$ cat start-v2.tsv   # TSV, C-alpha atoms and all ligand atoms
chain	number	residue	atom	x	y	z
A	1	MET	CA	0.00	0.00	0.00
A	2	VAL	CA	1.30	3.44	-0.88
A	3	THR	CA	-0.21	6.65	0.43
A	4	GLU	CA	0.81	10.11	-0.72
A	5	LEU	CA	1.35	13.14	1.46
A	6	ASN	CA	-1.91	14.21	3.03
A	7	THR	CA	-3.29	17.67	2.54
A	8	HIS	CA	-4.92	19.38	5.48
A	9	GLY	CA	-7.33	22.01	4.26
A	10	PRO	CA	-6.38	25.16	2.42
A	11	GLY	CA	-2.86	26.47	2.15
A	12	PRO	CA	0.43	24.64	1.84
A	13	VAL	CA	1.22	22.04	4.47
A	14	PRO	CA	4.80	22.54	5.54
A	15	HIS	CA	6.82	19.38	4.89
A	16	ALA	CA	8.83	20.17	7.93
A	17	GLU	CA	9.58	22.92	10.38
A	18	VAL	CA	11.79	24.05	13.21
A	19	ARG	CA	9.36	24.88	16.01
A	20	VAL	CA	10.54	27.27	18.71
A	21	ASP	CA	8.67	27.75	21.98
A	22	LEU	CA	9.34	31.34	23.02
A	23	ALA	CA	7.76	30.83	26.44
A	24	ALA	CA	10.42	28.18	27.11
A	25	ILE	CA	13.14	30.71	26.25
A	26	ARG	CA	11.56	33.34	28.50
A	27	ASP	CA	11.11	30.89	31.39
A	28	ASN	CA	14.63	29.49	31.02
A	29	VAL	CA	16.09	32.99	31.16
A	30	ALA	CA	14.01	33.74	34.26
A	31	GLU	CA	15.26	30.52	35.88
A	32	LEU	CA	18.87	31.40	35.05
A	33	ALA	CA	18.33	34.90	36.43
A	34	VAL	CA	17.20	33.44	39.76
A	35	ARG	CA	20.25	31.17	39.87
A	36	ALA	CA	22.60	34.01	38.96
A	37	ALA	CA	21.20	36.71	41.24
A	38	PRO	CA	22.53	39.12	42.31
A	39	ALA	CA	24.57	38.83	39.10
A	40	GLN	CA	22.79	39.99	35.94
A	41	VAL	CA	22.19	37.80	32.89
A	42	MET	CA	23.58	38.29	29.39
A	43	THR	CA	21.67	35.93	27.11
A	44	VAL	CA	24.00	34.79	24.34
A	45	VAL	CA	22.21	34.99	20.98
A	46	LYS	CA	25.12	34.41	18.59
A	47	GLY	CA	24.69	31.99	15.70
A	48	ASP	CA	21.09	33.11	15.04
A	49	ALA	CA	20.37	32.45	18.71
A	50	TYR	CA	21.82	28.94	18.47
A	51	GLY	CA	19.62	28.33	15.43
A	52	HIS	CA	16.42	29.44	17.18
A	53	GLY	CA	16.12	32.86	15.48
A	54	LEU	CA	17.94	36.00	16.62
A	55	VAL	CA	15.20	38.59	17.06
A	56	PRO	CA	12.33	36.50	18.48
A	57	VAL	CA	14.74	34.94	20.98
A	58	ALA	CA	16.15	38.34	21.94
A	59	ARG	CA	12.66	39.62	22.72
A	60	ALA	CA	11.78	36.50	24.73
A	61	ALA	CA	15.07	36.79	26.64
A	62	ARG	CA	14.32	40.40	27.54
A	63	ALA	CA	10.87	39.29	28.75
A	64	GLY	CA	12.61	36.71	30.95
A	65	GLY	CA	14.84	39.32	32.51
A	66	ALA	CA	18.04	39.38	30.44
A	67	SER	CA	19.40	42.88	30.89
A	68	TRP	CA	22.20	42.10	28.44
A	69	LEU	CA	22.34	40.32	25.07
A	70	GLY	CA	25.61	38.91	23.74
A	71	THR	CA	26.61	38.25	20.14
A	72	ALA	CA	29.81	37.06	18.51
A	73	THR	CA	29.80	39.36	15.48
A	74	LEU	CA	29.00	43.03	15.20
A	75	ALA	CA	26.65	42.21	12.30
A	76	GLU	CA	24.53	40.17	14.71
A	77	ALA	CA	24.41	43.05	17.19
A	78	LEU	CA	23.47	45.53	14.47
A	79	ALA	CA	20.69	43.19	13.28
A	80	LEU	CA	19.24	43.36	16.80
A	81	ARG	CA	19.29	47.14	16.71
A	82	ALA	CA	17.78	47.23	13.20
A	83	ALA	CA	14.88	45.16	14.56
A	84	GLY	CA	14.33	47.67	17.33
A	85	VAL	CA	15.86	45.69	20.20
A	86	ASP	CA	17.20	48.16	22.76
A	87	GLY	CA	19.04	47.78	26.05
A	88	ARG	CA	22.59	46.56	26.48
A	89	VAL	CA	24.07	44.54	23.63
A	90	MET	CA	27.68	43.35	23.48
A	91	ALA	CA	29.53	42.00	20.42
A	92	TRP	CA	32.89	40.40	21.20
A	93	LEU	CA	34.42	38.94	18.06
A	94	ASN	CA	36.08	41.53	15.88
A	95	ALA	CA	38.87	41.84	13.35
A	96	PRO	CA	41.03	44.73	12.13
A	97	GLY	CA	38.97	47.21	10.10
A	98	GLU	CA	35.77	46.39	11.97
A	99	ARG	CA	32.84	48.81	11.45
A	100	TRP	CA	33.51	50.46	14.81
A	101	ALA	CA	31.68	53.66	13.92
A	102	ASP	CA	28.53	51.62	13.28
A	103	ALA	CA	28.99	49.89	16.63
A	104	LEU	CA	29.24	53.24	18.39
A	105	ALA	CA	26.27	54.71	16.52
A	106	ALA	CA	24.21	51.66	17.51
A	107	ASP	CA	25.35	51.87	21.14
A	108	VAL	CA	26.85	48.36	21.09
A	109	ASP	CA	29.41	47.42	23.75
A	110	VAL	CA	32.57	46.02	22.18
A	111	SER	CA	35.53	43.93	23.31
A	112	ALA	CA	39.26	44.48	23.03
A	113	SER	CA	41.80	41.67	23.39
A	114	ALA	CA	44.79	43.59	22.03
A	115	PRO	CA	46.13	47.16	21.74
A	116	TRP	CA	45.32	47.34	18.00
A	117	ALA	CA	41.63	46.87	18.74
A	118	LEU	CA	41.68	49.54	21.40
A	119	ALA	CA	43.49	51.93	19.03
A	120	GLU	CA	40.89	51.37	16.29
A	121	ILE	CA	38.01	51.80	18.74
A	122	ALA	CA	39.55	55.03	20.10
A	123	ALA	CA	40.04	56.34	16.57
A	124	ALA	CA	36.38	55.67	15.74
A	125	ALA	CA	35.34	57.43	18.94
A	126	ARG	CA	37.46	60.45	18.03
A	127	GLU	CA	35.92	60.60	14.53
A	128	THR	CA	32.33	60.19	15.61
A	129	GLY	CA	32.43	62.10	18.88
A	130	ARG	CA	30.88	59.15	20.74
A	131	THR	CA	32.40	57.42	23.74
A	132	ALA	CA	32.92	53.69	23.19
A	133	ARG	CA	31.99	51.20	25.91
A	134	VAL	CA	34.76	48.62	25.90
A	135	HIS	CA	35.19	45.32	27.72
A	136	LEU	CA	38.85	44.33	28.13
A	137	LYS	CA	39.30	40.61	27.62
A	138	ALA	CA	41.94	38.63	29.48
A	139	ASP	CA	43.12	35.21	28.35
A	140	THR	CA	43.04	33.40	31.68
A	141	GLY	CA	43.87	30.02	30.15
A	142	MET	CA	41.39	29.37	27.34
A	143	GLY	CA	44.09	30.10	24.77
A	144	ARG	CA	41.59	31.67	22.36
A	145	ALA	CA	40.68	35.38	22.44
A	146	GLY	CA	41.92	37.71	25.19
A	147	ALA	CA	45.22	39.27	26.16
A	148	PRO	CA	47.68	36.84	27.75
A	149	PRO	CA	49.04	37.87	31.16
A	150	ALA	CA	52.22	39.36	29.66
A	151	ASP	CA	50.18	41.73	27.46
A	152	TRP	CA	47.43	42.55	29.97
A	153	PRO	CA	49.13	45.53	31.72
A	154	THR	CA	49.69	47.26	28.36
A	155	LEU	CA	46.08	46.71	27.32
A	156	VAL	CA	44.86	48.10	30.64
A	157	ASP	CA	47.16	51.15	30.44
A	158	ASP	CA	46.16	51.88	26.83
A	159	ALA	CA	42.51	51.71	27.86
A	160	LEU	CA	43.04	54.04	30.80
A	161	LYS	CA	44.78	56.53	28.51
A	162	ALA	CA	41.89	56.45	26.01
A	163	GLN	CA	39.44	56.75	28.89
A	164	ALA	CA	41.23	59.82	30.21
A	165	GLU	CA	40.77	61.38	26.76
A	166	GLY	CA	37.04	60.64	26.93
A	167	LEU	CA	37.23	58.24	23.98
A	168	VAL	CA	36.37	55.03	25.77
A	169	GLU	CA	34.76	53.90	28.97
A	170	VAL	CA	36.05	50.61	30.34
A	171	ALA	CA	32.65	49.05	30.98
A	172	GLY	CA	33.81	45.51	31.56
A	173	LEU	CA	36.64	43.16	32.45
A	174	TRP	CA	36.05	39.67	31.20
A	175	SER	CA	37.30	36.25	30.21
A	176	HIS	CA	36.03	32.82	29.13
A	177	LEU	CA	36.40	29.32	30.62
A	178	ALA	CA	37.80	26.40	28.64
A	179	ARG	CA	36.58	23.51	30.80
A	180	ALA	CA	33.53	24.69	32.72
A	181	ASP	CA	31.66	21.67	31.36
A	182	GLU	CA	33.94	19.52	33.55
A	183	PRO	CA	32.95	20.63	37.07
A	184	GLY	CA	35.80	20.20	39.52
A	185	GLU	CA	38.44	20.12	36.82
A	186	PRO	CA	41.46	22.00	38.31
A	187	ALA	CA	41.81	24.16	35.18
A	188	ASN	CA	38.63	25.97	36.26
A	189	ALA	CA	40.08	27.01	39.61
A	190	ARG	CA	43.27	28.11	37.85
A	191	GLN	CA	41.30	30.25	35.40
A	192	LEU	CA	39.25	31.74	38.23
A	193	ALA	CA	42.44	32.71	40.10
A	194	ALA	CA	43.96	34.14	36.91
A	195	PHE	CA	40.81	36.18	36.29
A	196	ARG	CA	40.92	37.58	39.83
A	197	ASP	CA	44.56	38.55	39.26
A	198	ALA	CA	43.68	40.29	35.98
A	199	VAL	CA	40.81	42.18	37.64
A	200	ASP	CA	43.01	43.13	40.63
A	201	LEU	CA	45.72	44.46	38.36
A	202	ALA	CA	43.28	46.54	36.33
A	203	GLU	CA	41.52	47.89	39.41
A	204	ALA	CA	44.83	48.72	41.11
A	205	ARG	CA	45.69	50.86	38.08
A	206	GLY	CA	42.39	52.69	38.30
A	207	VAL	CA	39.86	50.77	36.20
A	208	ARG	CA	36.36	50.87	37.71
A	209	PRO	CA	34.43	48.33	35.61
A	210	GLU	CA	30.66	48.29	35.58
A	211	VAL	CA	30.70	44.49	35.13
A	212	ARG	CA	33.21	41.67	35.55
A	213	HIS	CA	32.12	38.49	33.76
A	214	LEU	CA	33.43	34.99	33.24
A	215	ALA	CA	30.65	32.37	33.40
A	216	ASN	CA	29.10	30.52	30.44
A	217	SER	CA	26.11	28.15	30.90
A	218	ALA	CA	28.12	25.44	32.62
A	219	ALA	CA	29.66	27.87	35.11
A	220	THR	CA	26.30	29.58	35.66
A	221	LEU	CA	24.85	26.20	36.69
A	222	THR	CA	27.80	24.65	38.54
A	223	MET	CA	30.34	27.30	39.60
A	224	ARG	CA	28.89	30.09	41.70
A	225	SER	CA	32.35	31.53	42.40
A	226	ALA	CA	32.58	32.41	38.69
A	227	HIS	CA	29.40	34.52	38.55
A	228	PHE	CA	30.88	37.95	39.42
A	229	ASP	CA	28.54	40.74	38.21
A	230	LEU	CA	27.17	39.15	35.05
A	231	VAL	CA	26.81	35.62	33.65
A	232	ARG	CA	26.73	34.76	29.93
A	233	PRO	CA	24.63	31.63	29.40
A	234	GLY	CA	24.01	30.53	25.84
A	235	LEU	CA	23.07	26.85	25.63
A	236	ALA	CA	21.09	26.71	28.89
A	237	THR	CA	18.83	29.49	27.56
A	238	TYR	CA	17.63	27.06	24.94
A	239	GLY	CA	16.84	24.36	27.52
A	240	LEU	CA	19.84	22.16	26.80
A	241	SER	CA	22.47	20.98	29.26
A	242	PRO	CA	26.14	21.93	28.89
A	243	VAL	CA	26.99	19.05	31.27
A	244	PRO	CA	24.68	16.33	29.92
A	245	GLN	CA	26.37	13.46	31.78
A	246	GLN	CA	25.71	15.13	35.16
A	247	VAL	CA	22.68	17.40	34.76
A	248	ALA	CA	19.53	16.92	32.67
A	249	PRO	CA	17.82	20.19	31.72
A	250	ALA	CA	14.70	19.35	33.75
A	251	ASP	CA	16.88	18.84	36.88
A	252	VAL	CA	17.66	22.56	36.82
A	253	GLY	CA	14.26	23.82	35.75
A	254	LEU	CA	15.01	24.24	32.04
A	255	ARG	CA	13.01	22.95	29.09
A	256	PRO	CA	14.06	22.71	25.46
A	257	ALA	CA	12.71	25.42	23.17
A	258	MET	CA	13.37	23.80	19.79
A	259	SER	CA	11.80	20.83	18.15
A	260	VAL	CA	12.29	19.68	14.56
A	261	ARG	CA	9.21	18.16	12.98
A	262	ALA	CA	8.21	16.77	9.60
A	263	ARG	CA	5.36	14.89	8.00
A	264	LEU	CA	5.90	11.48	6.45
A	265	ALA	CA	5.96	11.92	2.68
A	266	LEU	CA	5.38	8.25	1.89
A	267	VAL	CA	4.71	4.97	3.66
A	268	LYS	CA	5.11	1.66	1.81
A	269	ARG	CA	5.35	-2.06	2.46
A	270	VAL	CA	8.54	-3.82	1.31
A	271	PRO	CA	9.72	-7.45	1.40
A	272	PRO	CA	12.56	-8.84	3.54
A	273	GLY	CA	16.02	-8.14	2.14
A	274	GLN	CA	15.13	-4.68	0.80
A	275	GLY	CA	18.23	-2.47	0.73
A	276	VAL	CA	17.46	1.09	1.84
A	277	SER	CA	18.91	4.34	0.48
A	278	TYR	CA	22.35	4.96	-1.06
A	279	GLY	CA	24.82	2.16	-0.56
A	280	HIS	CA	22.21	-0.13	1.02
A	281	LEU	CA	23.73	0.45	4.44
A	282	TYR	CA	20.48	-0.88	5.90
A	283	VAL	CA	18.64	-3.98	4.73
A	284	THR	CA	15.22	-5.04	6.04
A	285	ASP	CA	15.31	-8.29	8.01
A	286	ARG	CA	11.61	-9.03	7.40
A	287	GLU	CA	8.58	-7.69	5.57
A	288	SER	CA	8.24	-4.17	6.85
A	289	SER	CA	6.88	-0.68	6.31
A	290	LEU	CA	9.30	2.07	5.29
A	291	GLY	CA	8.51	5.71	6.02
A	292	LEU	CA	10.04	8.52	3.98
A	293	VAL	CA	10.91	11.69	5.91
A	294	PRO	CA	11.33	14.79	3.71
A	295	LEU	CA	14.41	16.16	5.50
A	296	GLY	CA	18.06	15.69	4.64
A	297	TYR	CA	21.50	17.10	5.07
A	298	ALA	CA	20.63	20.20	3.03
A	299	ASP	CA	18.18	20.96	5.84
A	300	GLY	CA	20.75	20.28	8.52
A	301	VAL	CA	20.11	16.61	9.32
A	302	PRO	CA	23.64	15.30	9.90
A	303	ARG	CA	24.70	12.59	7.45
A	304	HIS	CA	26.31	10.95	10.49
A	305	ALA	CA	22.76	10.30	11.72
A	306	SER	CA	22.52	7.48	9.13
A	307	GLY	CA	21.78	3.99	10.42
A	308	GLY	CA	22.70	0.53	9.24
A	309	SER	CA	25.67	-1.80	9.25
A	310	ALA	CA	27.89	0.84	10.89
A	311	GLY	CA	25.55	1.43	13.83
A	312	PRO	CA	22.06	2.56	14.78
A	313	GLY	CA	20.74	5.78	13.26
A	314	ALA	CA	19.48	8.78	15.20
A	315	PRO	CA	16.04	8.36	16.84
A	316	VAL	CA	12.73	9.85	15.70
A	317	LEU	CA	9.27	9.68	17.30
A	318	ILE	CA	6.30	8.70	15.15
A	319	ARG	CA	2.88	8.13	16.69
A	320	GLY	CA	4.33	7.43	20.10
A	321	VAL	CA	6.97	4.96	18.88
A	322	THR	CA	10.68	5.74	18.76
A	323	ARG	CA	12.25	4.48	15.52
A	324	ARG	CA	15.73	4.99	14.11
A	325	ILE	CA	16.98	6.28	10.80
A	326	ALA	CA	17.44	3.38	8.36
A	327	GLY	CA	20.20	3.76	5.78
A	328	ARG	CA	21.96	6.88	4.61
A	329	VAL	CA	20.62	10.37	5.18
A	330	CYS	CA	20.35	11.93	1.69
A	331	MET	CA	20.37	15.61	0.75
A	332	ASP	CA	16.61	16.05	1.08
A	333	GLN	CA	15.24	12.89	2.68
A	334	PHE	CA	15.81	9.87	4.87
A	335	VAL	CA	13.98	6.62	5.59
A	336	VAL	CA	12.73	5.03	8.80
A	337	ASP	CA	11.88	1.34	9.24
A	338	LEU	CA	8.39	1.40	10.78
A	339	ARG	CA	8.02	-2.41	11.09
A	340	ASP	CA	4.26	-2.95	11.51
A	341	ASP	CA	3.43	0.41	13.09
A	342	ASP	CA	0.04	1.83	12.22
A	343	VAL	CA	1.37	4.89	10.45
A	344	ASN	CA	0.33	6.80	7.32
A	345	ALA	CA	1.78	9.37	4.99
A	346	GLY	CA	1.13	12.77	6.51
A	347	ASP	CA	1.73	11.59	10.08
A	348	GLU	CA	4.02	13.70	12.19
A	349	VAL	CA	7.65	12.74	12.76
A	350	VAL	CA	9.52	14.43	15.61
A	351	LEU	CA	13.28	14.32	15.17
A	352	PHE	CA	13.94	15.88	18.55
A	353	GLY	CA	12.19	18.08	21.06
A	354	ASP	CA	11.24	17.69	24.70
A	355	ALA	CA	12.03	14.57	26.73
A	356	ALA	CA	9.03	15.43	28.93
A	357	ALA	CA	6.79	14.78	25.90
A	358	GLY	CA	8.52	11.46	25.20
A	359	GLU	CA	10.42	12.99	22.28
A	360	PRO	CA	14.07	12.28	21.49
A	361	THR	CA	16.30	15.19	22.50
A	362	ALA	CA	18.95	17.26	20.75
A	363	GLN	CA	21.33	15.55	23.19
A	364	ASP	CA	20.20	12.12	21.89
A	365	TRP	CA	21.00	13.34	18.39
A	366	ALA	CA	24.37	14.63	19.55
A	367	ASP	CA	25.14	11.27	21.15
A	368	ALA	CA	24.05	9.42	17.99
A	369	THR	CA	26.25	11.56	15.76
A	370	GLY	CA	29.33	12.07	17.91
A	371	THR	CA	28.90	15.78	18.58
A	372	ILE	CA	27.41	18.22	21.11
A	373	SER	CA	23.86	19.53	21.31
A	374	TYR	CA	25.16	23.01	20.38
A	375	GLU	CA	26.03	21.72	16.92
A	376	ILE	CA	22.69	19.95	16.48
A	377	VAL	CA	20.49	23.00	17.12
A	378	THR	CA	22.66	25.48	15.20
A	379	ARG	CA	22.80	23.47	11.99
A	380	PHE	CA	19.22	23.59	10.64
A	381	ALA	CA	19.13	25.51	7.37
A	382	PRO	CA	17.01	28.46	6.23
A	383	ARG	CA	15.13	26.08	3.88
A	384	LEU	CA	13.21	24.95	6.97
A	385	PRO	CA	10.67	27.46	8.20
A	386	ARG	CA	10.95	28.58	11.81
A	387	VAL	CA	7.54	28.46	13.46
A	388	TYR	CA	7.21	30.33	16.74
A	389	VAL	CA	4.74	29.29	19.39
A	390	ASN	CA	3.77	31.02	22.63
A	391	GLY	CA	5.12	34.25	21.24
A	392	GLU	CA	2.60	36.59	22.89
A	393	LEU	CA	4.78	37.38	25.82
B	401	LIG	C1	29.30	31.14	23.20
B	401	LIG	C2	29.83	31.90	24.32
B	401	LIG	C3	29.16	31.90	25.56
B	401	LIG	C4	27.99	30.99	25.87
B	401	LIG	O1	28.46	29.67	26.02
B	401	LIG	P1	27.45	28.50	26.45
B	401	LIG	O2	28.33	27.34	26.71
B	401	LIG	O3	26.55	28.28	25.29
B	401	LIG	O4	26.74	28.98	27.65
B	401	LIG	C5	29.63	32.74	26.55
B	401	LIG	N1	30.71	33.53	26.33
B	401	LIG	C6	31.39	33.52	25.16
B	401	LIG	C7	32.58	34.39	24.99
B	401	LIG	C8	30.98	32.70	24.13
B	401	LIG	O5	31.66	32.70	22.98

$ encode --input "start-v2.tsv" --output "structure tokens"
Amino acid sequence: MVTELNTHGPGPVPHAEVRVDLAAIRDNVAELAVRAAPAQVMTVVKGDAYGHGLVPVARAARAGGASWLGTATLAEALALRAAGVDGRVMAWLNAPGERWADALAADVDVSASAPWALAEIAAAARETGRTARVHLKADTGMGRAGAPPADWPTLVDDALKAQAEGLVEVAGLWSHLARADEPGEPANARQLAAFRDAVDLAEARGVRPEVRHLANSAATLTMRSAHFDLVRPGLATYGLSPVPQQVAPADVGLRPAMSVRARLALVKRVPPGQGVSYGHLYVTDRESSLGLVPLGYADGVPRHASGGSAGPGAPVLIRGVTRRIAGRVCMDQFVVDLRDDDVNAGDEVVLFGDAAAGEPTAQDWADATGTISYEIVTRFAPRLPRVYVNGEL
């Protein structure tokens, strides 16, 4: 028996969608704010808000009590301003020749890890007549952005000089943890001590920062000593755990905001021994029903989610039953072995969503594909519509 995709009344039925629950975002931010208090919360919305959609998430985060929003690129921060999002916004990843004047005009806080950045920011302030709010970044052991200890005094002194000229205001002192997702790992205590040293040095020379900040999601949840004046959770905002082996999101009052859903495009009966999809990685062991899901790697489904001789595929939920991907994930579609399930074309398939609803999770998909939940939620492509629910906040 073969059934074609159902139609459900007028208008196009979306094959598939990324559904984002904005009330979950708002509530997660509120929960993080309670845990962080008296520190403030900067909700990190880089990477299109971890794939959830920059502007709707920013608004939901503000409704949950995020007094700050954090982006990687200046373009992301400017997109927030263009959409009318006000309040404090910080963009931290910049390169020589950055559009500093645009950052100043849009009242975006910026970061400096090196004297060249400070010099460019000061020059833009001189040209535009606006004072730049700068956060000086120390490398306390992450080995990524930030000034290493040997360069920190120079960065601080350059900033104080520019501040004395009225060109910049040192709004923040900050750093980032490399191993906060391993609570108790000695590197965290070393970074914390190095951050305190960097702050002490800057304050001894006369810096009076509005905020000192160090903590990502993992440190917000597990390392109170790293909270300082402001925490910067990203992943936890979206209801996912940065320490999945130790803490499930529900344990700390968080619920996932994103689910990825599709409708079965085809269901058909096949005989035993039927090879499935490219390379016949999967072969049916009995007469069975195959379900075709109209989502593939061009949509963001990882090809590593394929299932067959090399291992089980990623899980999906169809009519209350968890099934696994059978055979290779293709560009636009994949197949699920439904056995004898009572399922029809048009039925809903949930790739991942909320464990509380019995759905597989982004973490399950990360485990099945050898990655982290961050990479699962950020990878879904613009071809998939984002559908927002509970958006009347
Ligand atoms: C991405 C990022 C964060 C948020 O990290 P999570 O682990 O998602 O909480 C915080 N600070 C900086 C500098 C980042 O790049």

$ atom_distance --input "start-v2.tsv" --atom1 "atom CA of A:Leu290" --atom2 "atom CA of A:Leu384"
23.3 Å

$ residues_near_ligand --input "start-v2.tsv" --ligand "ligand LIG 401 (chain B)" --cutoff "8 Å" --atoms "only C-alpha atoms and all ligand atoms" --output "ChimeraX atom specification"
/A:44,46,70,72,92,175-176,214-218,232-237,242,374

$ closest_residue --input "start-v2.tsv" --among "A:Ile376, A:Leu155, A:Ile121, A:Ala16" --to "A:Val168" --atoms "all atoms listed in the file"
A:Ile121

$ residues_around --input "start-v2.tsv" --residues "A:Ala30" --least-positions-apart "3" --cutoff "10 Å" --atoms "only C-alpha atoms" --output "PDB file with C-alpha atoms, in the frame of the given file"
ATOM      1  CA  ALA A  24      10.420  28.180  27.110  1.00  0.00           C
ATOM      2  CA  ILE A  25      13.140  30.710  26.250  1.00  0.00           C
ATOM      3  CA  ARG A  26      11.560  33.340  28.500  1.00  0.00           C
ATOM      4  CA  ASP A  27      11.110  30.890  31.390  1.00  0.00           C
ATOM      5  CA  ALA A  33      18.330  34.900  36.430  1.00  0.00           C
ATOM      6  CA  VAL A  34      17.200  33.440  39.760  1.00  0.00           C
ATOM      7  CA  ARG A  35      20.250  31.170  39.870  1.00  0.00           C
ATOM      8  CA  ALA A  36      22.600  34.010  38.960  1.00  0.00           C
ATOM      9  CA  VAL A  41      22.190  37.800  32.890  1.00  0.00           C
ATOM     10  CA  ALA A  61      15.070  36.790  26.640  1.00  0.00           C
ATOM     11  CA  ARG A  62      14.320  40.400  27.540  1.00  0.00           C
ATOM     12  CA  ALA A  63      10.870  39.290  28.750  1.00  0.00           C
ATOM     13  CA  GLY A  64      12.610  36.710  30.950  1.00  0.00           C
ATOM     14  CA  GLY A  65      14.840  39.320  32.510  1.00  0.00           C
ATOM     15  CA  ALA A  66      18.040  39.380  30.440  1.00  0.00           C
ATOM     16  CA  THR A 237      18.830  29.490  27.560  1.00  0.00           C
ATOM     17  CA  LEU A 254      15.010  24.240  32.040  1.00  0.00           C
TER      18      LEU A 254
END

$ closest_residue --input "start-v2.tsv" --among "A:Asn28, A:Thr284, A:Gln245, A:Ser289" --to "A:Asp367" --atoms "all atoms listed in the file"
A:Gln245

$ residues_near_point --input "start-v2.tsv" --point "(19.2, 37.9, 23.2)" --cutoff "10 Å" --atoms "only C-alpha atoms" --output "short mmCIF file (atom, residue, chain, number, x, y, z; two decimals) with C-alpha atoms, in the frame of the given file"
data_model
loop_
_atom_site.label_atom_id
_atom_site.label_comp_id
_atom_site.auth_asym_id
_atom_site.auth_seq_id
_atom_site.Cartn_x
_atom_site.Cartn_y
_atom_site.Cartn_z
CA ILE A 25 13.14 30.71 26.25
CA VAL A 29 16.09 32.99 31.16
CA MET A 42 23.58 38.29 29.39
CA THR A 43 21.67 35.93 27.11
CA VAL A 44 24.00 34.79 24.34
CA VAL A 45 22.21 34.99 20.98
CA LYS A 46 25.12 34.41 18.59
CA ASP A 48 21.09 33.11 15.04
CA ALA A 49 20.37 32.45 18.71
CA GLY A 53 16.12 32.86 15.48
CA LEU A 54 17.94 36.00 16.62
CA VAL A 55 15.20 38.59 17.06
CA PRO A 56 12.33 36.50 18.48
CA VAL A 57 14.74 34.94 20.98
CA ALA A 58 16.15 38.34 21.94
CA ARG A 59 12.66 39.62 22.72
CA ALA A 60 11.78 36.50 24.73
CA ALA A 61 15.07 36.79 26.64
CA ARG A 62 14.32 40.40 27.54
CA ALA A 66 18.04 39.38 30.44
CA SER A 67 19.40 42.88 30.89
CA TRP A 68 22.20 42.10 28.44
CA LEU A 69 22.34 40.32 25.07
CA GLY A 70 25.61 38.91 23.74
CA THR A 71 26.61 38.25 20.14
CA ALA A 77 24.41 43.05 17.19
CA LEU A 80 19.24 43.36 16.80
CA VAL A 85 15.86 45.69 20.20
CA ARG A 88 22.59 46.56 26.48
CA VAL A 89 24.07 44.54 23.63
CA GLY A 234 24.01 30.53 25.84
CA THR A 237 18.83 29.49 27.56
#

$ closest_residue --input "start-v2.tsv" --among "A:Gly327, A:Gly353, A:Gly308, A:Pro382" --to "A:Leu292" --atoms "only C-alpha atoms"
A:Gly327

$ closest_residue --input "start-v2.tsv" --among "A:Pro148, A:Gly97, A:Gly275, A:Gly307" --to "A:Ala119" --atoms "all atoms listed in the file"
A:Gly97

$ closest_residue --input "start-v2.tsv" --among "A:His304, A:Thr73, A:Ala356, A:Glu375" --to "A:Arg255" --atoms "all atoms listed in the file"
A:Ala356

$ closest_residue --input "start-v2.tsv" --among "A:Leu160, A:Val329, A:Met223, A:Ala95" --to "A:Leu295" --atoms "only C-alpha atoms"
A:Val329

$ atom_distance --input "start-v2.tsv" --atom1 "atom CA of A:Asp342" --atom2 "atom CA of A:Gly320"
10.6 Å

$ atom_distance --input "start-v2.tsv" --atom1 "atom CA of A:Pro294" --atom2 "atom CA of A:Gly239"
26.2 Å

$ residues_around --input "start-v2.tsv" --residues "A:Pro244" --least-positions-apart "2" --cutoff "10 Å" --atoms "all atoms listed in the file" --output "list in words"
Asp181, Leu240, Ser241, Pro242, Gln246, Val247, Ala248, Pro249, Gln363, Ile372 and Ser373 of chain A

$ residues_around --input "start-v2.tsv" --residues "A:Pro271" --least-positions-apart "4" --cutoff "7 Å" --atoms "all atoms listed in the file" --output "list in words"
Arg286, Glu287 and Ser288 of chain A
